[in-house]
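Let me begin by presenting the structure, written as structure tokens, before commenting on it.
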Amino acid sequence: MSEKPFAVVPLLSRALHRIRITPPRIIASPPTQLKRAAVAILIRIVPSPHAQPDTLVAQPTLSEFFQLEWVKDSNARAEILFLKRDTPLPEEAAHSQPRMHNRNEVHVAFPGGRTEPDDEGGMYTALRQTWEEIGIDLAEKDYMCIGQLDDREITTSLGKRLLMILSPFVFLQVTPNPPAPDPIPSTTLYWVPLETLVSPVAPPQWSQVTVDTASRLAPKHSIALKLLVRALVGSMEFPAIVVHPCSSLPQTSNAEAPQIFKLWGLSLGMTLDLMSYMIMPLPTSSNLEIKADSKGTSSRASSPFSSSVMQLPYHGTPEGLRMEVVAPSLASVFPRFSYPDVNFWIWVFGKRYRQIVRGWEASVRSGGINDRRINWSGQALSTFYAAIRKALVVVIVARALGIIFGLAFTGWWIFLS
């Protein structure tokens with residue numbers, strides 16, 4: 001008897017209902033940096049080949065949509081939209097600078113871009129950018145805005161400078177056959193099954209993206225200094241998920257070399273935020289029941305779904321971080337270095353960010369109702385990058401002293417010989 005396929009649509013329904021009732025954490029733009037951006041996270045349900053969906057006269061409510069027969073069909077498939085830009089956006093180029101370009105490696109992202117002065121807000125930016133970039137009008141009745149995820153900070157130069165605030169908005173396609181997208185020539189669309197990202201049967205395939213540390217520390221046109229910094233501190237390795245698109249627009253030729261699609265950085269963080277709503281327990285009293293075990297100690301009642309569904313890369317997270325409690329998007333922003341001693345010194349100087357992570361964990365455990373204004377992710381990120389900067393200074397100075405001592409010793413040995 002074949003195993004029943006993993007049903008991701010009920011999890012998606014649960015997640016979207018939670019997003020709708022959960023107020024996002026809004027980050028106000030500081031006076032020194034007013035730039036903002038927004039992206040659209042678009043999800044659709046693909047009907048079973050044998051289903052015959054009825055024509056919708058009016059847009060259903062979220063609950064009514066998930067009660068439709070073609071949506072409840074066990075063979076219906078939930079998909080999420082990503083895209084590949086031939087020319088990355090300025091904010092993407094500043095955030096992601098891979099060390100070497102692999103022609104077979106494709107980095108995917110969400111549609112969106114910078115907020116213009118005439119935009120009425122973040123949602124308007126997401127609507128406008130999606131229409132301009134891929135030809136999908138999210139304001140039509142074929143789509144429903146579910147809500148907003150937490151704002152995110154886009155920084156550069158190891159977190160020293162804020163570039164802009166990014167607001168992600170979640171949309172759901174509520175009709176099976178909306179008008180076809182019309183992406184601009186430099187953009188390719190990819191629909192990825194959600195079950196490949198959240199499934200205990202086939203967990204996501206984790207990989208990494210290597211970023212040249214020298215590109216963030218050395219001047220842009222100083223090749224010699226870049227080579228020196230690269231030799232002294234190595235490179236940074238960010239977690240990534242290898243995604244497997246089921247369809248693309250425009251369609252790619254089978255004659256082309258196989259490509260590896262990687263989701264990382266900001267886009268991975270926002271995807272993990274969405275996935276966390278699918279697997280993490282609700283912060284309510286019913287989910288926070290305390291049960292006594294046989295030894296008399298108290299423990300939290302378990303959720304029907306846990307972070308094991310996502311198989312998060314624990315090796316890339318701070319020591320003591322409980323990914324089933326703290327927002328899993330932290331896994332996308334904490335890199336590891338190729339040199340072990342750099343990672344050691346980051347841990348030495350990382351006391352402050354570990355304290356913030358513990359505070360965040362305590363906040364999530366209590367529901368986080370009273371501190372929605374606290375930017376936990378921003379504080380954790382800024383203190384982590386502060387630890388990185390201190391670690392790099394120590395490593396570079398130590399290596400420089402080692403080189404000087406080595407040259408002096410060699411000269412002294414030659415002189416005595």
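Residue numbers start at 1 in each chain; chains themselves are named A, B, ... in the order of the structure tokens; ligands are numbered from 1 in the order shown.
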All residues 12 Å or closer to Val57 (chain A), only C-alpha atoms, same chain fewer than 5 positions away omitted, as a VMD selection string: chain A and resid 141 to 142 174 to 175
Practice task
Taking the DSSP assignment computed from this structure's backbone, write out as a PyMOL selection string all residues of region 120-294 of chain A that belong to strand (DSSP E or B).
Solution key: chain A and resi 143-148+152-156+161-173+187-193+205-212+235-243+247-249+260-264+290-292
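With CA of Pro53 (chain A) on one side and CA of Trp70 (chain A) on the other, the separation reads 5.8 Å.
Residues surrounding Pro181 (chain A) within 7 Å are Ile134, Gly135 and Ile136 of chain A [only C-alpha atoms; sequence separation below 4 positions excluded].
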| request: Show which residues sit within 9 Å of Pro23 (chain A), as a PyMOL selection string. Count only C-alpha atoms, and ignore same-chain residues fewer than 6 positions away. | output: chain A and resi 147-150+372
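Proximity to Leu68 (chain A) was assessed for A:Ala224, A:Leu189, A:Val9, A:Asp118 counting only C-alpha atoms; the smallest distance is recorded for A:Val9.
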- Could you pull out all residues of region 145-260 of chain A with a DSSP call of alpha helix (DSSP H) and give them as a PyMOL selection string? chain A and resi 214-217+223-233
As a compact mmCIF listing (two decimals) with C-alpha atoms, in the first residue's frame, please: the residues near Val243 (chain A) (cut-off 12 Å, only C-alpha atoms, same-chain neighbours under 3 positions excluded).
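And here's out09.txt as it stands now:
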# COMPACT_ATOMS: atom_id res chain seq x y z
CA GLU A 79 3.03 26.45 -4.72
CA ILE A 80 5.01 29.61 -3.98
CA LEU A 81 6.33 32.04 -6.61
CA PHE A 82 10.00 32.93 -6.95
CA LEU A 83 11.82 34.75 -9.72
CA GLU A 105 23.73 28.26 -9.94
CA VAL A 106 20.62 30.45 -9.89
CA HIS A 107 19.63 32.64 -6.93
CA VAL A 108 15.88 33.17 -6.67
CA ALA A 109 13.96 35.94 -4.89
CA TYR A 190 9.45 29.79 -11.06
CA TRP A 191 6.64 28.08 -9.16
CA VAL A 192 7.98 25.84 -6.37
CA PRO A 193 5.82 23.25 -4.53
CA LEU A 194 5.52 24.13 -0.84
CA GLU A 195 5.69 20.45 0.08
CA THR A 196 9.36 20.50 -0.96
CA LEU A 197 10.01 23.11 1.74
CA VAL A 198 7.81 21.81 4.58
CA PRO A 203 12.85 17.69 4.05
CA PRO A 204 14.41 20.58 2.13
CA GLN A 205 17.87 20.15 0.71
CA TRP A 206 20.20 22.54 2.54
CA SER A 207 23.25 23.97 0.86
CA ALA A 240 20.71 28.17 1.48
CA CYS A 246 7.83 22.54 -11.12
CA SER A 247 7.16 25.19 -13.79
CA GLN A 259 20.68 24.59 -13.07
CA ILE A 260 20.78 24.60 -9.27
CA PHE A 261 18.22 27.01 -7.81
CA LYS A 262 19.23 28.39 -4.42
CA LEU A 263 17.13 30.36 -1.97
CA TRP A 264 19.20 32.33 0.55
CA LEU A 268 15.29 32.68 2.59
CA THR A 271 10.37 32.16 3.41
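Nearest residue to Ile356 (chain A), choosing from A:Val394, A:Ile388, A:Ile414, A:Ile374 and counting only C-alpha atoms: A:Ile374.
Of the listed residues (A:Ala400, A:Asn104, A:Ala362, A:Lys72), A:Ala400 comes nearest to Val233 (chain A); the distances count only C-alpha atoms.
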Compile the contact shell of Ala38 (chain A) as an MDAnalysis selection string: residues with an atom at most 10 Å away, counting only C-alpha atoms, same-chain residues fewer than 5 positions apart removed. chainID A and resid 110:115 121:130 151:152 165:169
Selection file, N, CA and C atoms, as a compact mmCIF listing (two decimals), in the first residue's frame:
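Saved as again-v9.txt:
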# COMPACT_ATOMS: atom_id res chain seq x y z
N PHE A 110 11.90 37.14 -4.42
CA PHE A 110 10.49 37.49 -4.56
C PHE A 110 10.36 38.75 -5.41
N PRO A 111 9.21 38.92 -6.09
CA PRO A 111 8.99 40.18 -6.81
C PRO A 111 8.84 41.34 -5.83
N GLY A 112 9.35 42.49 -6.22
CA GLY A 112 9.27 43.67 -5.35
C GLY A 112 10.39 44.63 -5.65
N GLY A 113 10.49 45.66 -4.85
CA GLY A 113 11.53 46.66 -5.06
C GLY A 113 11.36 47.85 -4.15
N ARG A 114 12.04 48.93 -4.48
CA ARG A 114 12.07 50.11 -3.63
C ARG A 114 10.75 50.89 -3.67
N THR A 115 10.47 51.53 -2.55
CA THR A 115 9.30 52.40 -2.45
C THR A 115 9.61 53.73 -3.12
N GLY A 121 2.22 53.49 0.42
CA GLY A 121 2.63 52.65 1.53
C GLY A 121 3.32 51.41 1.02
N GLY A 122 3.70 50.52 1.96
CA GLY A 122 4.41 49.32 1.58
C GLY A 122 3.61 48.40 0.69
N MET A 123 2.32 48.23 0.99
CA MET A 123 1.50 47.33 0.18
C MET A 123 1.38 47.87 -1.25
N TYR A 124 1.22 49.18 -1.37
CA TYR A 124 1.13 49.78 -2.71
C TYR A 124 2.42 49.51 -3.48
N THR A 125 3.57 49.59 -2.79
CA THR A 125 4.84 49.30 -3.44
C THR A 125 4.89 47.86 -3.94
N ALA A 126 4.44 46.92 -3.10
CA ALA A 126 4.43 45.51 -3.51
C ALA A 126 3.51 45.29 -4.71
N LEU A 127 2.34 45.94 -4.70
CA LEU A 127 1.41 45.81 -5.82
C LEU A 127 2.01 46.39 -7.09
N ARG A 128 2.58 47.58 -6.99
CA ARG A 128 3.12 48.25 -8.18
C ARG A 128 4.31 47.49 -8.74
N GLN A 129 5.23 47.10 -7.88
CA GLN A 129 6.43 46.41 -8.35
C GLN A 129 6.10 45.07 -8.99
N THR A 130 5.12 44.35 -8.41
CA THR A 130 4.73 43.06 -8.97
C THR A 130 4.11 43.23 -10.35
N ASP A 151 8.80 43.35 9.46
CA ASP A 151 9.77 44.13 8.69
C ASP A 151 11.17 43.58 8.91
N ARG A 152 12.03 43.82 7.93
CA ARG A 152 13.41 43.36 8.01
C ARG A 152 14.34 44.51 7.65
N ILE A 165 14.56 49.59 4.96
CA ILE A 165 13.67 48.68 5.66
C ILE A 165 12.83 47.94 4.62
N LEU A 166 12.73 46.63 4.76
CA LEU A 166 11.99 45.80 3.81
C LEU A 166 10.73 45.25 4.46
N SER A 167 9.59 45.42 3.77
CA SER A 167 8.30 44.93 4.27
C SER A 167 7.78 43.82 3.34
N PRO A 168 7.62 42.58 3.82
CA PRO A 168 7.08 41.50 3.00
C PRO A 168 5.57 41.35 3.19
N PHE A 169 4.83 41.25 2.09
CA PHE A 169 3.38 41.08 2.12
C PHE A 169 3.03 39.74 1.47
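Going from CA of Cys145 (chain A) to CA of Leu62 (chain A) covers 9.8 Å.
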Exercise for review: Would you list the contacts of Thr32 (chain A) as a ChimeraX atom specification, taking every protein, DNA or RNA residue within 12 Å and counting only C-alpha atoms, but skipping same-chain residues closer than 4 positions in sequence?
Suggested key: /A:28,161-164
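Across the structure, CA of Gly378 (chain A) and CA of Glu237 (chain A) are spaced 20.2 Å apart.
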